[in-house]
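Participant: File run.cif below, mmCIF, C-alpha atoms:
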data_structure
loop_
_atom_site.group_PDB
_atom_site.id
_atom_site.type_symbol
_atom_site.label_atom_id
_atom_site.label_comp_id
_atom_site.auth_asym_id
_atom_site.auth_seq_id
_atom_site.Cartn_x
_atom_site.Cartn_y
_atom_site.Cartn_z
ATOM 1 C CA LYS M 1 -20.732 -89.512 35.016
ATOM 2 C CA ASP M 2 -21.860 -89.358 38.615
ATOM 3 C CA ASN M 3 -20.281 -86.029 39.432
ATOM 4 C CA ASP M 4 -21.843 -82.607 39.071
ATOM 5 C CA ARG M 5 -19.231 -81.241 36.714
ATOM 6 C CA THR M 6 -17.996 -81.924 33.226
ATOM 7 C CA ALA M 7 -14.525 -81.133 31.968
ATOM 8 C CA PHE M 8 -13.914 -80.242 28.363
ATOM 9 C CA HIS M 9 -10.828 -79.256 26.427
ATOM 10 C CA ILE M 10 -10.733 -76.527 23.791
ATOM 11 C CA VAL M 11 -7.819 -76.061 21.428
ATOM 12 C CA THR M 12 -7.888 -72.931 19.294
ATOM 13 C CA GLU M 13 -5.581 -72.649 16.326
ATOM 14 C CA ARG M 14 -5.477 -69.518 14.254
ATOM 15 C CA PRO M 15 -4.062 -69.390 10.757
ATOM 16 C CA ASN M 16 -1.144 -67.014 10.169
ATOM 17 C CA PHE M 17 0.050 -67.330 13.756
ATOM 18 C CA GLY M 18 2.552 -70.087 13.040
ATOM 19 C CA ASP M 19 2.647 -72.913 15.538
ATOM 20 C CA TYR M 20 0.880 -70.953 18.271
ATOM 21 C CA ALA M 21 -2.356 -72.339 19.650
ATOM 22 C CA ILE M 22 -4.464 -71.735 22.708
ATOM 23 C CA SER M 23 -5.195 -74.836 24.729
ATOM 24 C CA ARG M 24 -7.488 -74.591 27.751
ATOM 25 C CA TRP M 25 -9.429 -76.912 30.007
ATOM 26 C CA TYR M 26 -12.794 -75.766 31.295
ATOM 27 C CA LEU M 27 -14.910 -77.128 34.089
ATOM 28 C CA LYS M 28 -18.644 -76.730 33.570
ATOM 29 C CA GLU M 29 -21.327 -77.503 36.135
ATOM 30 C CA LYS M 30 -24.144 -79.702 34.962
ATOM 31 C CA VAL M 31 -27.579 -78.128 35.237
ATOM 32 C CA ASN M 32 -30.244 -79.827 37.303
ATOM 33 C CA LYS M 33 -33.163 -81.036 35.142
ATOM 34 C CA VAL M 34 -35.733 -79.192 37.259
ATOM 35 C CA ASN M 35 -33.849 -75.926 36.707
ATOM 36 C CA ARG M 36 -33.547 -76.580 32.979
ATOM 37 C CA ASP M 37 -37.289 -77.295 32.645
ATOM 38 C CA ARG M 38 -38.041 -73.771 33.881
ATOM 39 C CA LEU M 39 -36.392 -72.350 30.784
ATOM 40 C CA ASP M 40 -38.170 -74.473 28.171
ATOM 41 C CA GLY M 41 -39.649 -72.263 25.485
ATOM 42 C CA LEU M 42 -37.415 -69.304 26.352
ATOM 43 C CA TYR M 43 -33.859 -70.127 25.380
ATOM 44 C CA GLU M 44 -34.968 -71.313 21.921
ATOM 45 C CA CYS M 45 -35.662 -67.741 20.763
ATOM 46 C CA VAL M 46 -33.432 -66.843 17.805
ATOM 47 C CA LEU M 47 -34.075 -63.085 18.079
ATOM 48 C CA CYS M 48 -35.644 -62.832 14.626
ATOM 49 C CA ALA M 49 -38.009 -60.095 15.920
ATOM 50 C CA SER M 50 -40.999 -61.290 13.895
ATOM 51 C CA CYS M 51 -43.015 -61.058 17.108
ATOM 52 C CA THR M 52 -41.940 -57.452 17.601
ATOM 53 C CA ALA M 53 -42.803 -56.604 13.990
ATOM 54 C CA SER M 54 -46.324 -57.943 14.503
ATOM 55 C CA CYS M 55 -46.978 -56.160 17.812
ATOM 56 C CA PRO M 56 -49.343 -53.159 17.509
ATOM 57 C CA THR M 57 -48.269 -51.862 20.918
ATOM 58 C CA TYR M 58 -44.686 -51.735 19.715
ATOM 59 C CA TRP M 59 -45.734 -49.994 16.477
ATOM 60 C CA TRP M 60 -47.099 -47.023 18.398
ATOM 61 C CA ASN M 61 -44.820 -46.955 21.467
ATOM 62 C CA ARG M 62 -41.433 -48.146 20.331
ATOM 63 C CA GLU M 63 -39.651 -45.398 22.294
ATOM 64 C CA VAL M 64 -40.845 -46.762 25.641
ATOM 65 C CA PHE M 65 -42.165 -50.308 25.086
ATOM 66 C CA LEU M 66 -39.468 -52.970 24.792
ATOM 67 C CA GLY M 67 -41.397 -55.300 22.512
ATOM 68 C CA PRO M 68 -42.039 -59.029 22.745
ATOM 69 C CA THR M 69 -38.544 -60.122 21.712
ATOM 70 C CA MET M 70 -36.919 -58.291 24.591
ATOM 71 C CA LEU M 71 -39.617 -59.364 27.035
ATOM 72 C CA VAL M 72 -38.970 -63.039 26.261
ATOM 73 C CA GLN M 73 -35.275 -62.516 26.904
ATOM 74 C CA ALA M 74 -35.955 -60.506 30.050
ATOM 75 C CA TYR M 75 -38.271 -63.199 31.403
ATOM 76 C CA ARG M 76 -35.696 -65.859 30.576
ATOM 77 C CA TRP M 77 -33.156 -64.064 32.759
ATOM 78 C CA LEU M 78 -35.683 -63.280 35.473
ATOM 79 C CA ILE M 79 -36.470 -66.942 36.055
ATOM 80 C CA GLU M 80 -32.916 -68.185 35.526
ATOM 81 C CA PRO M 81 -32.623 -70.439 38.570
ATOM 82 C CA LEU M 82 -28.910 -69.880 39.121
ATOM 83 C CA ASP M 83 -29.049 -66.086 38.831
ATOM 84 C CA LYS M 84 -28.745 -64.330 42.164
ATOM 85 C CA ASP M 85 -29.817 -60.879 40.913
ATOM 86 C CA PHE M 86 -33.579 -61.540 40.678
ATOM 87 C CA ASP M 87 -34.769 -58.588 42.780
ATOM 88 C CA ASN M 88 -32.690 -56.021 40.900
ATOM 89 C CA ARG M 89 -33.831 -57.342 37.520
ATOM 90 C CA LEU M 90 -37.480 -57.399 38.566
ATOM 91 C CA HIS M 91 -37.233 -53.847 39.889
ATOM 92 C CA LEU M 92 -36.575 -52.660 36.306
ATOM 93 C CA PHE M 93 -40.128 -53.654 35.339
ATOM 94 C CA GLU M 94 -42.119 -52.484 38.357
ATOM 95 C CA HIS M 95 -43.062 -49.066 37.058
ATOM 96 C CA GLY M 96 -43.588 -47.606 33.651
ATOM 97 C CA PRO M 97 -44.439 -48.903 30.216
ATOM 98 C CA ARG M 98 -41.621 -51.419 29.691
ATOM 99 C CA VAL M 99 -43.989 -54.330 30.171
ATOM 100 C CA ASN M 100 -47.251 -52.700 31.226
ATOM 101 C CA ASN M 101 -48.072 -51.588 27.676
ATOM 102 C CA CYS M 102 -48.443 -55.208 26.578
ATOM 103 C CA HIS M 103 -52.156 -55.829 26.055
ATOM 104 C CA ASN M 104 -51.768 -59.552 25.311
ATOM 105 C CA ILE M 105 -53.142 -59.347 21.788
ATOM 106 C CA PHE M 106 -51.083 -62.494 20.988
ATOM 107 C CA ASN M 107 -49.993 -61.402 17.509
ATOM 108 C CA CYS M 108 -46.469 -62.152 18.709
ATOM 109 C CA THR M 109 -47.347 -65.723 19.595
ATOM 110 C CA ILE M 110 -49.106 -66.291 16.276
ATOM 111 C CA THR M 111 -46.177 -65.046 14.177
ATOM 112 C CA CYS M 112 -43.310 -66.700 16.080
ATOM 113 C CA PRO M 113 -41.522 -69.120 13.720
ATOM 114 C CA LYS M 114 -40.313 -71.197 16.688
ATOM 115 C CA TYR M 115 -43.841 -71.432 18.167
ATOM 116 C CA LEU M 116 -42.814 -69.657 21.367
ATOM 117 C CA ASN M 117 -45.186 -67.574 23.467
ATOM 118 C CA PRO M 118 -43.878 -64.028 24.055
ATOM 119 C CA ALA M 119 -47.275 -62.869 25.358
ATOM 120 C CA PHE M 120 -47.027 -65.429 28.145
ATOM 121 C CA ALA M 121 -43.579 -64.084 29.086
ATOM 122 C CA ALA M 122 -44.968 -60.536 29.342
ATOM 123 C CA LYS M 123 -47.898 -61.769 31.412
ATOM 124 C CA GLU M 124 -45.553 -63.662 33.740
ATOM 125 C CA ILE M 125 -43.310 -60.617 34.245
ATOM 126 C CA LYS M 126 -46.397 -58.658 35.296
ATOM 127 C CA ARG M 127 -47.366 -61.486 37.645
ATOM 128 C CA LEU M 128 -43.901 -61.690 39.197
ATOM 129 C CA TYR M 129 -43.841 -58.099 40.380
ATOM 130 C CA SER M 130 -47.370 -58.242 41.759
ATOM 131 C CA PRO M 131 -47.219 -58.199 45.576
ATOM 132 C CA MET M 132 -49.724 -61.058 45.757
ATOM 133 C CA SER M 133 -47.839 -63.413 43.416
ATOM 134 C CA PRO M 134 -46.217 -66.568 44.754
ATOM 135 C CA LYS M 135 -42.447 -66.470 44.795
ATOM 136 C CA LEU M 136 -40.323 -68.629 42.513
ATOM 137 C CA ASN M 137 -38.874 -71.796 43.957
ATOM 138 C CA PRO M 138 -35.136 -71.624 44.602
ATOM 139 C CA ALA M 139 -32.773 -73.403 42.261
ATOM 140 C CA LYS M 140 -32.142 -77.086 42.863
ATOM 141 C CA GLU M 141 -28.595 -77.839 43.857
ATOM 142 C CA GLY M 142 -26.678 -80.675 42.344
ATOM 143 C CA GLY M 143 -26.256 -82.609 39.160
ATOM 144 C CA ALA M 144 -27.899 -82.949 35.809
ATOM 145 C CA SER M 145 -31.032 -84.761 36.900
ATOM 146 C CA ALA M 146 -33.582 -84.375 39.626
ATOM 147 C CA THR M 147 -33.391 -88.032 40.662
ATOM 148 C CA GLY M 148 -29.625 -88.328 40.589
ATOM 149 C CA ASN M 149 -29.610 -90.666 37.566
ATOM 150 C CA HIS M 150 -27.528 -89.383 34.704
#
Translate this structure into C-alpha coordinates?
Facilitator:
Amino acid sequence: KDNDRTAFHIVTERPNFGDYAISRWYLKEKVNKVNRDRLDGLYECVLCASCTASCPTYWWNREVFLGPTMLVQAYRWLIEPLDKDFDNRLHLFEHGPRVNNCHNIFNCTITCPKYLNPAFAAKEIKRLYSPMSPKLNPAKEGGASATGNH
(Lines of atoms letter the chains of each structure in order from A and count residues from 1; the text may use other names and numbers.)
(Lines give C-alpha, C1' and ligand atoms only; values in the text may rest on other atoms or scores of the structure.)
Protein backbone atom coordinates (compact mmCIF):
# COMPACT_ATOMS: atom_id res chain seq x y z
CA LYS A 1 0.00 0.00 0.00
CA ASP A 2 2.85 2.39 0.61
CA ASN A 3 4.37 2.17 -2.84
CA ASP A 4 3.55 4.33 -5.83
CA ARG A 5 2.49 1.48 -8.07
CA THR A 6 -0.24 -1.11 -8.18
CA ALA A 7 0.03 -4.46 -9.91
CA PHE A 8 -3.00 -6.12 -11.41
CA HIS A 9 -3.50 -9.33 -13.33
CA ILE A 10 -5.76 -9.68 -16.36
CA VAL A 11 -6.75 -13.04 -17.80
CA THR A 12 -8.60 -12.95 -21.10
CA GLU A 13 -10.39 -16.04 -22.31
CA ARG A 14 -12.12 -16.09 -25.65
CA PRO A 15 -14.75 -18.63 -26.59
CA ASN A 16 -14.03 -20.82 -29.62
CA PHE A 17 -10.28 -20.61 -29.08
CA GLY A 18 -10.05 -23.83 -27.08
CA ASP A 19 -7.84 -23.72 -24.03
CA TYR A 20 -5.96 -20.61 -25.13
CA ALA A 21 -6.04 -17.58 -22.87
CA ILE A 22 -4.06 -14.40 -22.55
CA SER A 23 -2.62 -13.81 -19.11
CA ARG A 24 -0.76 -10.57 -18.40
CA TRP A 25 0.44 -8.61 -15.40
CA TYR A 26 0.32 -4.84 -15.57
CA LEU A 27 1.98 -2.26 -13.38
CA LYS A 28 0.03 0.96 -13.00
CA GLU A 29 1.28 4.11 -11.28
CA LYS A 30 -1.01 5.59 -8.69
CA VAL A 31 -2.06 9.16 -9.40
CA ASN A 32 -1.30 11.86 -6.87
CA LYS A 33 -4.50 13.33 -5.35
CA VAL A 34 -3.51 16.89 -6.25
CA ASN A 35 -3.13 15.87 -9.90
CA ARG A 36 -6.45 14.03 -9.86
CA ASP A 37 -8.28 17.04 -8.37
CA ARG A 38 -7.30 19.10 -11.43
CA LEU A 39 -9.42 16.85 -13.61
CA ASP A 40 -12.61 16.89 -11.53
CA GLY A 41 -15.57 17.77 -13.70
CA LEU A 42 -13.77 16.89 -16.94
CA TYR A 43 -13.27 13.15 -17.08
CA GLU A 44 -16.93 12.53 -16.18
CA CYS A 45 -18.12 13.65 -19.63
CA VAL A 46 -19.91 10.79 -21.42
CA LEU A 47 -19.76 12.45 -24.86
CA CYS A 48 -23.54 12.62 -25.23
CA ALA A 49 -23.18 15.93 -27.15
CA SER A 50 -26.28 17.51 -25.61
CA CYS A 51 -24.13 20.57 -24.93
CA THR A 52 -23.10 20.75 -28.58
CA ALA A 53 -26.72 20.38 -29.71
CA SER A 54 -27.71 23.35 -27.55
CA CYS A 55 -24.87 25.64 -28.66
CA PRO A 56 -25.97 28.42 -31.06
CA THR A 57 -22.36 29.09 -32.07
CA TYR A 58 -22.03 25.49 -33.17
CA TRP A 59 -25.34 25.66 -35.07
CA TRP A 60 -24.01 28.37 -37.35
CA ASN A 61 -20.28 27.52 -37.50
CA ARG A 62 -20.02 23.77 -37.28
CA GLU A 63 -17.40 23.65 -40.05
CA VAL A 64 -14.87 25.60 -37.99
CA PHE A 65 -16.05 25.64 -34.36
CA LEU A 66 -15.35 22.43 -32.44
CA GLY A 67 -18.30 22.67 -30.08
CA PRO A 68 -18.50 22.35 -26.31
CA THR A 69 -18.09 18.57 -26.19
CA MET A 70 -14.73 18.69 -27.91
CA LEU A 71 -13.61 21.72 -25.93
CA VAL A 72 -14.21 19.89 -22.64
CA GLN A 73 -12.13 16.98 -23.89
CA ALA A 74 -9.44 19.30 -25.23
CA TYR A 75 -9.23 21.16 -21.92
CA ARG A 76 -9.07 17.86 -20.05
CA TRP A 77 -5.98 16.89 -22.04
CA LEU A 78 -4.47 20.36 -21.85
CA ILE A 79 -4.41 20.32 -18.06
CA GLU A 80 -3.52 16.63 -17.74
CA PRO A 81 -0.71 16.92 -15.20
CA LEU A 82 1.30 13.97 -16.50
CA ASP A 83 1.13 14.99 -20.16
CA LYS A 84 4.38 16.43 -21.45
CA ASP A 85 2.95 17.82 -24.72
CA PHE A 86 1.20 20.90 -23.26
CA ASP A 87 2.78 23.53 -25.54
CA ASN A 88 1.99 21.65 -28.75
CA ARG A 89 -1.62 21.05 -27.70
CA LEU A 90 -2.12 24.67 -26.67
CA HIS A 91 -0.66 25.88 -29.97
CA LEU A 92 -3.63 24.26 -31.76
CA PHE A 93 -5.98 26.79 -30.14
CA GLU A 94 -3.96 30.00 -30.39
CA HIS A 95 -5.38 31.25 -33.66
CA GLY A 96 -8.66 30.83 -35.43
CA PRO A 97 -12.20 29.95 -34.47
CA ARG A 98 -11.66 26.59 -32.76
CA VAL A 99 -12.28 28.11 -29.35
CA ASN A 100 -12.55 31.83 -30.03
CA ASN A 101 -16.08 31.52 -31.42
CA CYS A 102 -17.38 30.49 -28.00
CA HIS A 103 -19.37 33.43 -26.64
CA ASN A 104 -20.05 31.82 -23.25
CA ILE A 105 -23.82 31.78 -23.63
CA PHE A 106 -23.86 28.82 -21.18
CA ASN A 107 -26.56 26.83 -22.97
CA CYS A 108 -24.09 23.95 -22.87
CA THR A 109 -23.77 24.12 -19.10
CA ILE A 110 -27.54 24.29 -18.63
CA THR A 111 -28.24 21.23 -20.79
CA CYS A 112 -25.42 18.96 -19.57
CA PRO A 113 -26.97 15.85 -17.97
CA LYS A 114 -23.85 15.34 -15.83
CA TYR A 115 -23.92 18.97 -14.59
CA LEU A 116 -20.50 19.73 -16.08
CA ASN A 117 -19.44 23.17 -17.26
CA PRO A 118 -18.23 23.16 -20.89
CA ALA A 119 -18.35 26.97 -21.06
CA PHE A 120 -15.80 27.13 -18.25
CA ALA A 121 -13.51 24.77 -20.19
CA ALA A 122 -13.68 27.03 -23.26
CA LYS A 123 -13.01 30.09 -21.12
CA GLU A 124 -10.02 28.38 -19.50
CA ILE A 125 -8.53 27.38 -22.87
CA LYS A 126 -8.72 31.03 -23.91
CA ARG A 127 -7.07 32.03 -20.63
CA LEU A 128 -4.28 29.48 -21.00
CA TYR A 129 -3.02 30.82 -24.31
CA SER A 130 -3.17 34.43 -23.18
CA PRO A 131 0.39 35.74 -22.71
CA MET A 132 -0.57 37.28 -19.37
CA SER A 133 -2.05 34.11 -17.85
CA PRO A 134 -0.31 32.34 -14.99
CA LYS A 135 1.24 29.03 -15.93
CA LEU A 136 -0.09 25.72 -14.65
CA ASN A 137 1.68 24.14 -11.72
CA PRO A 138 3.77 21.11 -12.64
CA ALA A 139 2.49 17.66 -11.79
CA LYS A 140 3.14 16.36 -8.29
CA GLU A 141 5.44 13.38 -8.23
CA GLY A 142 4.70 10.36 -6.14
CA GLY A 143 1.87 8.28 -4.82
CA ALA A 144 -1.86 8.39 -4.60
CA SER A 145 -2.19 11.11 -1.99
CA ALA A 146 -0.69 14.50 -1.40
CA THR A 147 0.18 13.76 2.23
CA GLY A 148 1.61 10.31 1.65
CA ASN A 149 -1.25 8.54 3.48
CA HIS A 150 -2.99 5.96 1.37
Participant: Quick one: everything within 12 Å of M:Ala74, counting all atoms listed in the file, minus sequence neighbours fewer than 2 positions away in the same chain. Send it as an MDAnalysis selection string.
Facilitator: chainID M and resid 39 42:43 45 66:72 76:80 86 89:93 98:99 118 121:122 124:126
Participant: Could you save the residues just selected, with C-alpha atoms, as a PDB file, in the coordinates of the input?
Facilitator:
ATOM      1  CA  LEU M  39     -36.392 -72.350  30.784  1.00  0.00           C
ATOM      2  CA  LEU M  42     -37.415 -69.304  26.352  1.00  0.00           C
ATOM      3  CA  TYR M  43     -33.859 -70.127  25.380  1.00  0.00           C
ATOM      4  CA  CYS M  45     -35.662 -67.741  20.763  1.00  0.00           C
ATOM      5  CA  LEU M  66     -39.468 -52.970  24.792  1.00  0.00           C
ATOM      6  CA  GLY M  67     -41.397 -55.300  22.512  1.00  0.00           C
ATOM      7  CA  PRO M  68     -42.039 -59.029  22.745  1.00  0.00           C
ATOM      8  CA  THR M  69     -38.544 -60.122  21.712  1.00  0.00           C
ATOM      9  CA  MET M  70     -36.919 -58.291  24.591  1.00  0.00           C
ATOM     10  CA  LEU M  71     -39.617 -59.364  27.035  1.00  0.00           C
ATOM     11  CA  VAL M  72     -38.970 -63.039  26.261  1.00  0.00           C
ATOM     12  CA  ARG M  76     -35.696 -65.859  30.576  1.00  0.00           C
ATOM     13  CA  TRP M  77     -33.156 -64.064  32.759  1.00  0.00           C
ATOM     14  CA  LEU M  78     -35.683 -63.280  35.473  1.00  0.00           C
ATOM     15  CA  ILE M  79     -36.470 -66.942  36.055  1.00  0.00           C
ATOM     16  CA  GLU M  80     -32.916 -68.185  35.526  1.00  0.00           C
ATOM     17  CA  PHE M  86     -33.579 -61.540  40.678  1.00  0.00           C
ATOM     18  CA  ARG M  89     -33.831 -57.342  37.520  1.00  0.00           C
ATOM     19  CA  LEU M  90     -37.480 -57.399  38.566  1.00  0.00           C
ATOM     20  CA  HIS M  91     -37.233 -53.847  39.889  1.00  0.00           C
ATOM     21  CA  LEU M  92     -36.575 -52.660  36.306  1.00  0.00           C
ATOM     22  CA  PHE M  93     -40.128 -53.654  35.339  1.00  0.00           C
ATOM     23  CA  ARG M  98     -41.621 -51.419  29.691  1.00  0.00           C
ATOM     24  CA  VAL M  99     -43.989 -54.330  30.171  1.00  0.00           C
ATOM     25  CA  PRO M 118     -43.878 -64.028  24.055  1.00  0.00           C
ATOM     26  CA  ALA M 121     -43.579 -64.084  29.086  1.00  0.00           C
ATOM     27  CA  ALA M 122     -44.968 -60.536  29.342  1.00  0.00           C
ATOM     28  CA  GLU M 124     -45.553 -63.662  33.740  1.00  0.00           C
ATOM     29  CA  ILE M 125     -43.310 -60.617  34.245  1.00  0.00           C
ATOM     30  CA  LYS M 126     -46.397 -58.658  35.296  1.00  0.00           C
TER      31      LYS M 126
END
Participant: Apply the PyMOL selection byres ((chain M and resi 111) around 10) to the file shown and report the selected residues as JSON, numbers by chain.
Facilitator: {"M": [49, 50, 51, 52, 53, 54, 55, 106, 107, 108, 109, 110, 112, 113, 114, 115, 116, 117]}
Participant: Expressed in Å to a single decimal, how great is the separation between atom CA of M:Arg38 and atom CA of M:Cys102?
Facilitator: 22.5 Å
Participant: Using all atoms listed in the file, find the one residue out of M:Asn88, M:Glu63, M:Asp83, M:Tyr75 that sits nearest to M:Arg127.
Facilitator: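 Result for the nearest residue to M:Arg127: M:Tyr75.
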Participant: One decimal, in Å: what's the spacing between atom CA of M:Tyr58 and atom CA of M:His103?
Facilitator: 10.6 Å
Participant: Using Å and a single decimal, report how far atom CA of M:Met132 sits from atom CA of M:Ala119.
Facilitator: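 Between atom CA of M:Ala119 and atom CA of M:Met132 the gap works out to 20.6 Å.
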